[in-house]
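Participant: My structure is in data23.cif, and what it holds is mmCIF, C-alpha atoms and all ligand atoms:
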```
data_run
#
loop_
_atom_site.label_atom_id
_atom_site.label_comp_id
_atom_site.auth_asym_id
_atom_site.auth_seq_id
_atom_site.Cartn_x
_atom_site.Cartn_y
_atom_site.Cartn_z
CA MET A 220 -56.30 116.42 65.83
CA HIS A 221 -53.09 117.16 63.98
CA ASN A 222 -52.91 115.29 60.63
CA LYS A 223 -49.94 113.13 61.50
CA GLU A 224 -51.45 112.23 64.87
CA ALA A 225 -54.80 111.37 63.23
CA GLU A 226 -52.98 109.13 60.74
CA ARG A 227 -51.09 107.46 63.54
CA MET A 228 -54.24 106.66 65.51
CA ASN A 229 -56.18 105.61 62.39
CA GLY A 230 -59.55 106.09 64.07
CA TYR A 231 -58.58 104.35 67.33
CA ASN A 232 -58.17 105.95 70.79
CA ALA A 233 -55.07 103.99 71.71
CA LEU A 234 -52.04 102.60 69.90
CA LEU A 235 -49.43 99.95 70.68
CA GLN A 236 -46.39 100.00 68.41
CA VAL A 237 -44.59 96.66 68.08
CA VAL A 238 -41.07 97.50 66.99
CA GLY A 239 -38.39 95.27 65.50
CA THR A 240 -34.84 96.04 66.67
CA PRO A 241 -31.44 95.02 65.21
CA ILE A 242 -30.19 91.43 65.55
CA GLY A 243 -26.62 92.67 65.45
CA ASN A 244 -26.20 95.52 63.01
CA LEU A 245 -27.30 98.91 64.32
CA GLN A 246 -27.61 100.22 60.76
CA ASP A 247 -30.73 98.08 60.38
CA VAL A 248 -32.70 100.64 62.41
CA SER A 249 -35.08 102.24 59.94
CA PRO A 250 -36.32 105.84 60.18
CA ARG A 251 -39.75 104.51 61.28
CA VAL A 252 -38.19 102.47 64.09
CA MET A 253 -36.15 105.50 65.12
CA GLU A 254 -39.24 107.71 65.22
CA ALA A 255 -41.27 105.22 67.26
CA LEU A 256 -38.44 104.77 69.80
CA ARG A 257 -37.89 108.53 70.02
CA GLU A 258 -41.55 109.38 70.55
CA ALA A 259 -42.41 106.58 72.98
CA GLU A 260 -43.37 107.55 76.54
CA VAL A 261 -43.16 103.97 77.79
CA VAL A 262 -41.24 101.05 76.32
CA ALA A 263 -42.23 97.54 77.36
CA CYS A 264 -38.99 95.61 76.86
CA GLU A 265 -37.54 92.23 77.69
CA ASP A 266 -34.50 93.60 79.48
CA THR A 267 -34.36 97.23 80.57
CA ARG A 268 -30.55 97.27 80.49
CA ARG A 269 -30.38 96.04 76.89
CA CYS A 270 -33.08 98.44 75.83
CA GLY A 271 -31.31 101.30 77.62
CA GLN A 272 -28.13 100.38 75.74
CA LEU A 273 -29.97 100.50 72.42
CA TYR A 274 -31.26 103.99 73.25
CA LYS A 275 -27.72 105.03 74.17
CA LEU A 276 -26.28 103.68 70.92
CA LEU A 277 -28.98 105.47 68.95
CA ALA A 278 -28.26 108.66 70.91
CA ILE A 279 -31.87 109.29 71.82
CA LYS A 280 -33.31 110.15 75.22
CA THR A 281 -34.43 107.01 77.07
CA PRO A 282 -38.11 107.06 78.06
CA LYS A 283 -39.63 105.02 80.90
CA LEU A 284 -38.66 101.37 80.46
CA VAL A 285 -40.90 98.63 81.85
CA SER A 286 -39.45 95.14 81.98
CA PHE A 287 -41.67 92.70 80.15
CA TYR A 288 -40.01 89.29 80.01
CA LYS A 289 -41.58 85.85 79.83
CA GLU A 290 -41.88 85.28 83.58
CA VAL A 291 -43.72 88.57 84.27
CA GLU A 292 -45.67 89.25 81.09
CA HIS A 293 -48.97 87.84 82.38
CA ARG A 294 -48.60 89.87 85.60
CA ARG A 295 -47.72 93.15 83.86
CA VAL A 296 -50.06 93.06 80.89
CA GLU A 297 -53.17 94.48 82.55
CA ALA A 298 -51.44 97.61 83.84
CA LEU A 299 -49.86 98.20 80.42
CA VAL A 300 -53.23 97.98 78.67
CA VAL A 301 -54.69 100.47 81.19
CA GLN A 302 -51.84 102.85 80.35
CA LEU A 303 -52.47 102.37 76.64
CA LEU A 304 -56.15 103.18 77.11
CA GLU A 305 -55.18 106.31 79.05
CA GLY A 306 -53.38 107.48 75.91
CA THR A 307 -49.75 106.62 76.76
CA ARG A 308 -47.50 106.33 73.71
CA MET A 309 -46.21 102.81 74.11
CA VAL A 310 -43.70 100.72 72.22
CA LEU A 311 -43.07 97.00 72.64
CA VAL A 312 -39.59 95.65 71.87
CA SER A 313 -37.70 92.47 72.67
CA ASP A 314 -33.96 92.09 73.19
CA ALA A 315 -33.35 91.69 69.45
CA GLY A 316 -35.35 91.16 66.29
CA MET A 317 -39.11 90.97 66.18
CA PRO A 318 -41.10 90.80 69.43
CA GLY A 319 -43.32 87.71 69.52
CA ILE A 320 -40.92 85.62 67.41
CA SER A 321 -39.43 83.20 69.95
CA ASP A 322 -39.61 86.23 72.24
CA PRO A 323 -42.23 87.82 74.54
CA GLY A 324 -44.84 90.02 72.89
CA ALA A 325 -47.87 87.96 71.91
CA VAL A 326 -49.51 88.32 75.35
CA LEU A 327 -49.48 92.12 75.22
CA VAL A 328 -50.52 92.25 71.55
CA ALA A 329 -53.50 89.93 72.18
CA ALA A 330 -54.57 91.88 75.30
CA ALA A 331 -54.25 95.20 73.48
CA ARG A 332 -56.33 93.95 70.56
CA ALA A 333 -58.96 92.56 72.93
CA ALA A 334 -59.20 96.01 74.57
CA GLY A 335 -59.73 97.71 71.20
CA VAL A 336 -56.22 99.18 70.98
CA ARG A 337 -54.72 99.67 67.53
CA VAL A 338 -51.64 97.49 67.05
CA GLU A 339 -49.08 98.76 64.57
CA VAL A 340 -46.05 96.63 63.72
CA ILE A 341 -42.95 98.50 62.64
CA PRO A 342 -40.82 95.77 61.07
CA GLY A 343 -37.18 95.17 61.73
CA PRO A 344 -34.88 92.19 61.12
CA CYS A 345 -35.82 88.69 62.20
CA ALA A 346 -33.11 86.01 62.32
CA ALA A 347 -35.47 83.40 60.82
CA THR A 348 -36.37 85.37 57.71
CA VAL A 349 -32.81 86.62 57.23
CA ALA A 350 -31.61 82.99 57.33
CA VAL A 351 -34.31 81.72 54.94
CA ALA A 352 -33.57 84.54 52.49
CA GLY A 353 -29.89 83.57 52.49
CA SER A 354 -30.47 79.81 52.23
CA GLY A 355 -31.49 79.64 48.58
CA PHE A 356 -34.30 77.22 49.52
CA GLU A 357 -37.50 77.84 47.62
CA GLY A 358 -41.10 77.67 48.78
CA GLY A 359 -42.68 77.98 52.21
CA PHE A 360 -41.05 77.35 55.56
CA VAL A 361 -41.98 76.37 59.07
CA MET A 362 -40.54 78.68 61.70
CA ALA A 363 -40.14 76.15 64.53
CA GLY A 364 -38.00 78.28 66.86
CA PHE A 365 -36.28 76.37 69.66
CA LEU A 366 -36.68 72.59 69.82
CA PRO A 367 -37.63 70.99 73.13
CA ARG A 368 -34.30 70.23 74.84
CA LYS A 369 -34.61 66.46 75.23
CA GLY A 370 -36.61 63.28 75.63
CA LYS A 371 -39.92 62.22 74.18
CA GLU A 372 -41.03 65.76 73.46
CA ARG A 373 -37.92 66.45 71.35
CA ARG A 374 -38.25 63.20 69.41
CA ALA A 375 -41.95 63.84 68.73
CA ARG A 376 -41.28 67.40 67.53
CA LEU A 377 -38.46 66.19 65.26
CA GLU A 378 -40.74 63.56 63.78
CA GLN A 379 -43.53 66.09 63.20
CA LEU A 380 -41.21 68.66 61.61
CA GLY A 381 -39.43 66.05 59.49
CA ALA A 382 -42.72 65.01 57.95
CA CYS A 383 -44.06 68.52 57.29
CA GLY A 384 -42.67 68.69 53.75
CA GLU A 385 -41.40 72.27 54.16
CA THR A 386 -38.13 74.02 54.87
CA VAL A 387 -37.70 74.12 58.66
CA VAL A 388 -36.09 76.98 60.60
CA LEU A 389 -34.66 76.31 64.06
CA TYR A 390 -33.13 78.69 66.57
CA GLU A 391 -30.30 77.09 68.49
CA SER A 392 -27.63 77.94 71.03
CA PRO A 393 -24.05 77.60 69.71
CA PHE A 394 -23.36 75.07 72.48
CA ARG A 395 -26.15 72.72 71.38
CA ALA A 396 -25.97 73.21 67.60
CA LYS A 397 -23.69 70.21 66.98
CA ASP A 398 -25.92 67.85 68.96
CA THR A 399 -28.97 69.18 67.16
CA VAL A 400 -27.36 68.61 63.77
CA ALA A 401 -26.55 65.03 64.86
CA ASP A 402 -30.16 64.49 66.00
CA LEU A 403 -31.50 65.91 62.73
CA LEU A 404 -29.23 63.64 60.67
CA LYS A 405 -30.33 60.64 62.68
CA ALA A 406 -34.04 61.48 62.50
CA TRP A 407 -34.27 62.82 58.92
CA GLY A 408 -31.23 61.55 57.05
CA ASN A 409 -29.16 63.97 54.99
CA ARG A 410 -30.97 67.09 53.76
CA PRO A 411 -29.86 70.43 52.33
CA ALA A 412 -29.07 72.68 55.30
CA TRP A 413 -27.30 75.84 56.42
CA LEU A 414 -26.20 77.00 59.79
CA ALA A 415 -26.26 80.81 59.72
CA ARG A 416 -24.13 82.29 62.48
CA GLU A 417 -23.85 85.88 63.68
CA LEU A 418 -26.21 87.23 61.01
CA THR A 419 -25.80 90.91 60.13
CA LYS A 420 -22.66 91.07 62.32
CA LEU A 421 -18.96 91.39 61.49
CA HIS A 422 -18.28 87.65 61.76
CA GLU A 423 -21.36 86.42 59.89
CA GLU A 424 -20.80 82.88 58.65
CA TRP A 425 -22.74 80.27 56.69
CA VAL A 426 -21.91 76.57 57.09
CA GLY A 427 -23.53 73.98 54.80
CA PRO A 428 -24.70 72.95 52.26
CA ASP A 429 -26.33 69.90 53.90
CA LEU A 430 -26.65 68.24 57.31
CA GLN A 431 -23.75 65.85 56.67
CA GLY A 432 -21.52 68.70 55.49
CA LEU A 433 -22.48 70.66 58.55
CA ALA A 434 -21.70 67.75 60.89
CA ASP A 435 -18.30 67.26 59.22
CA LYS A 436 -17.38 70.94 59.29
CA LEU A 437 -18.50 71.45 62.89
CA ALA A 438 -16.66 68.36 64.21
CA GLY A 439 -13.84 69.40 66.53
CA ARG A 440 -14.82 73.05 66.32
CA GLY A 441 -16.09 75.21 69.18
CA LEU A 442 -19.01 77.37 68.12
CA LYS A 443 -19.71 80.85 69.45
CA GLY A 444 -22.33 83.48 68.71
CA GLU A 445 -25.95 83.18 67.66
CA CYS A 446 -27.10 80.49 65.28
CA VAL A 447 -30.06 79.65 63.07
CA LEU A 448 -30.45 76.31 61.29
CA VAL A 449 -32.33 76.22 58.00
CA ILE A 450 -33.06 72.70 56.81
CA GLY A 451 -34.43 72.29 53.30
CA LYS A 452 -36.91 69.73 52.00
CA GLN A 453 -35.56 66.34 51.05
N1 LIG B 501 -37.01 87.73 68.19
C1 LIG B 501 -35.80 87.29 67.57
C2 LIG B 501 -35.95 87.34 66.04
O1 LIG B 501 -36.83 88.05 65.54
O2 LIG B 501 -35.16 86.71 65.34
C3 LIG B 501 -35.39 85.92 68.07
C4 LIG B 501 -35.15 85.86 69.55
S1 LIG B 501 -34.63 84.30 70.11
C5 LIG B 501 -34.77 84.48 71.86
C6 LIG B 501 -32.90 84.38 69.95
C7 LIG B 501 -32.37 83.39 68.91
O3 LIG B 501 -32.51 83.95 67.60
C8 LIG B 501 -30.89 83.08 69.04
O4 LIG B 501 -30.66 82.06 69.99
C9 LIG B 501 -30.54 82.63 67.64
O5 LIG B 501 -30.96 81.31 67.43
C10 LIG B 501 -31.43 83.59 66.81
N2 LIG B 501 -30.67 84.80 66.46
C11 LIG B 501 -30.85 86.04 66.95
N3 LIG B 501 -29.97 86.90 66.39
C12 LIG B 501 -29.21 86.18 65.54
C13 LIG B 501 -28.12 86.49 64.67
N4 LIG B 501 -27.63 87.73 64.58
N5 LIG B 501 -27.59 85.49 63.93
C14 LIG B 501 -28.07 84.23 64.01
N6 LIG B 501 -29.09 83.88 64.82
C15 LIG B 501 -29.66 84.84 65.57
#
```
For the structure just supplied, provide its representation as structure tokens.
Facilitator:
Amino acid sequence: MHNKEAERMNGYNALLQVVGTPIGNLQDVSPRVMEALREAEVVACEDTRRCGQLYKLLAIKTPKLVSFYKEVEHRRVEALVVQLLEGTRMVLVSDAGMPGISDPGAVLVAAARAAGVRVEVIPGPCAATVAVAGSGFEGGFVMAGFLPRKGKERRARLEQLGACGETVVLYESPFRAKDTVADLLKAWGNRPAWLARELTKLHEEWVGPDLQGLADKLAGRGLKGECVLVIGKQ
């Protein structure tokens, strides 16, 4: 086996590459990401159109794209693992950021590992870690992703997260961010907090520095774009 190929397989017969893709800024594609995307024979992706667009923007030839979104992942996983075991060069991506982080991916990674496939993660940006790094909050954090939308489940999750004693990271839609800030204020009282909007993009914006400040600044304002909330410890 050629040296590079032997290194890539690292003693395994099959390899799944889990690849992080930009969350807005195309320049965040690293040479390793580029190489994995270029050399893939099959890409398991959330949305074939979005993935095709990424290939177009990167000016590389699009390989076979297999749609692998939440509703079909359990149905598609077996066939993908068979392909991996047959030696197909396969990459897993989501629409943006790291697969498996509030995105599909874990099901294929777990199945691949169970079948003895090597899993290699080629890191890219992740909105949660970008937001924590820009928050100035020290120590650990809980990456909570999306809150349950309403009711008992939402209240219970808020109570649990509020008591965890760590910085909490939430993904939120711009249309619900104001309501979520209001719910957080009500459940937790005022805490240091930032809303990070459109990270890595032209109109990146940070609104803070605490929940009350956020509520005041967002009042009467329509929000657009993608948002992460980082709420510090009391
Ligand atoms: N896998 C992705 C990651 O690694 O960050 C997250 C996917 S999740 C379905 C999408 C959510 O991530 C958005 O609703 C938003 O909360 C957050 N997000 C993604 N890109 C973002 C960006 N450029 N700026 C702020 N938040 C972003």
Participant: For ligand LIG 501 (chain B), which residue out of A:Val449, A:Val387, A:Leu377, A:Ala315 is the nearest one, using only C-alpha atoms and all ligand atoms?
Facilitator: A:Ala315
Participant: Which residues are close to Glu224 in chain A, i.e. within 12 Å by all atoms listed in the file, leaving aside same-chain residues fewer than 6 positions away? Reply as a VMD selection string.
Facilitator: chain A and resid 230 to 234 258 308
Participant: Could you check how far CA of Phe356 in chain A sits from atom C13 of ligand LIG 501 (chain B), in Å to one decimal?
Facilitator: 18.8 Å
Participant: Once you count all atoms listed in the file, which residues end up within 7 Å of ligand LIG 501 (chain B), and could you hand them over as a list in words?
Facilitator: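 The distance check yields Ile242, Gly243, Ser313, Ala315, Gly316, Met317, Pro318, Gly319, Ile320, Ser321, Asp322, Pro344, Cys345, Ala346, Ala347, Tyr390, Glu391, Ser392, Ala415, Arg416, Glu417, Leu418, Thr419, Lys420, Glu445, Cys446 and Val447 of chain A.
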Participant: Rank nothing, just name the residue among A:Lys223, A:Lys289, A:Arg295, A:Lys452 nearest to Leu380 in chain A, using all atoms listed in the file.
Facilitator: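 Looking only at the distances to Leu380 in chain A, the closest residue turns out to be A:Lys452.
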Participant: From the set A:Trp407, A:Phe365, A:Phe360, A:Phe394, which residue has the shortest atom-to-atom contact distance to Ala382 in chain A, counting only C-alpha atoms?
Facilitator: A:Trp407
Participant: So, with all atoms listed in the file as the atoms that count, which of A:Pro393, A:Gly306, A:Pro250, A:Gly355 lies closest to Gly444 in chain A?
Facilitator: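 Closest residue, counting all atoms listed in the file: A:Pro393.
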Participant: Record the distance separating CA of Thr240 in chain A and CA of Gly358 in chain A, expressed in Å with one decimal.
Facilitator: 26.4 Å
Participant: Just give me the gap between CA of Gly441 in chain A and CA of Thr399 in chain A in Å, one decimal is fine.
Facilitator: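 These two atoms are separated by 14.4 Å.
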Participant: Have a look at A:Val262, A:Ala330, A:Ile450, A:Cys270 and name the one nearest to Leu404 in chain A; count only C-alpha atoms.
Facilitator: A:Ile450
Participant: Nearest to Leu327 in chain A among A:Met362, A:Gly271, A:Pro367, A:Cys264, with distances taken over only C-alpha atoms: which residue is it?
Facilitator: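 Distance minimum relative to Leu327 in chain A lands on A:Cys264.
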Participant: Pick out the residues sitting within 12 Å of Lys275 in chain A, and hand them over as JSON, numbers by chain; count all atoms listed in the file, and ignore anything fewer than 6 positions along from it in its own chain.
Facilitator: {"A": [245, 256, 257, 268, 269, 281, 282]}
Participant: Residues at most 6 Å from range 430-437 of chain A, counting only C-alpha atoms, excluding those fewer than 6 positions away in the same chain, as a PDB file with C-alpha atoms, keeping the file's coordinate frame?
Facilitator:
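Final file, selection.pdb:
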```pdb
ATOM      1  CA  ASN A 409     -29.160  63.970  54.990  1.00  0.00           C
ATOM      2  CA  ARG A 410     -30.970  67.090  53.760  1.00  0.00           C
ATOM      3  CA  ALA A 412     -29.070  72.680  55.300  1.00  0.00           C
TER       4      ALA A 412
END
```
Participant: For a quick check of your reading of the model, name the residues lying within 7 Å of the coordinate (-33.8, 97.0, 60.6), counting all atoms listed in the file, and write them as a list in words.
Facilitator: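 Selection result: Gly239, Thr240, Pro241, Gln246, Asp247, Val248, Ser249, Gly343 and Pro344 of chain A.
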Participant: What are the centre and edge lengths in Å, to one decimal, of the axis-aligned box around all listed atoms of range 269-282 of chain A with 3 Å added on each side, as AutoDock Vina command-line options?
Facilitator:
```
--center_x -32.2 --center_y 103.1 --center_z 73.5 --size_x 17.8 --size_y 20.1 --size_z 15.1
```
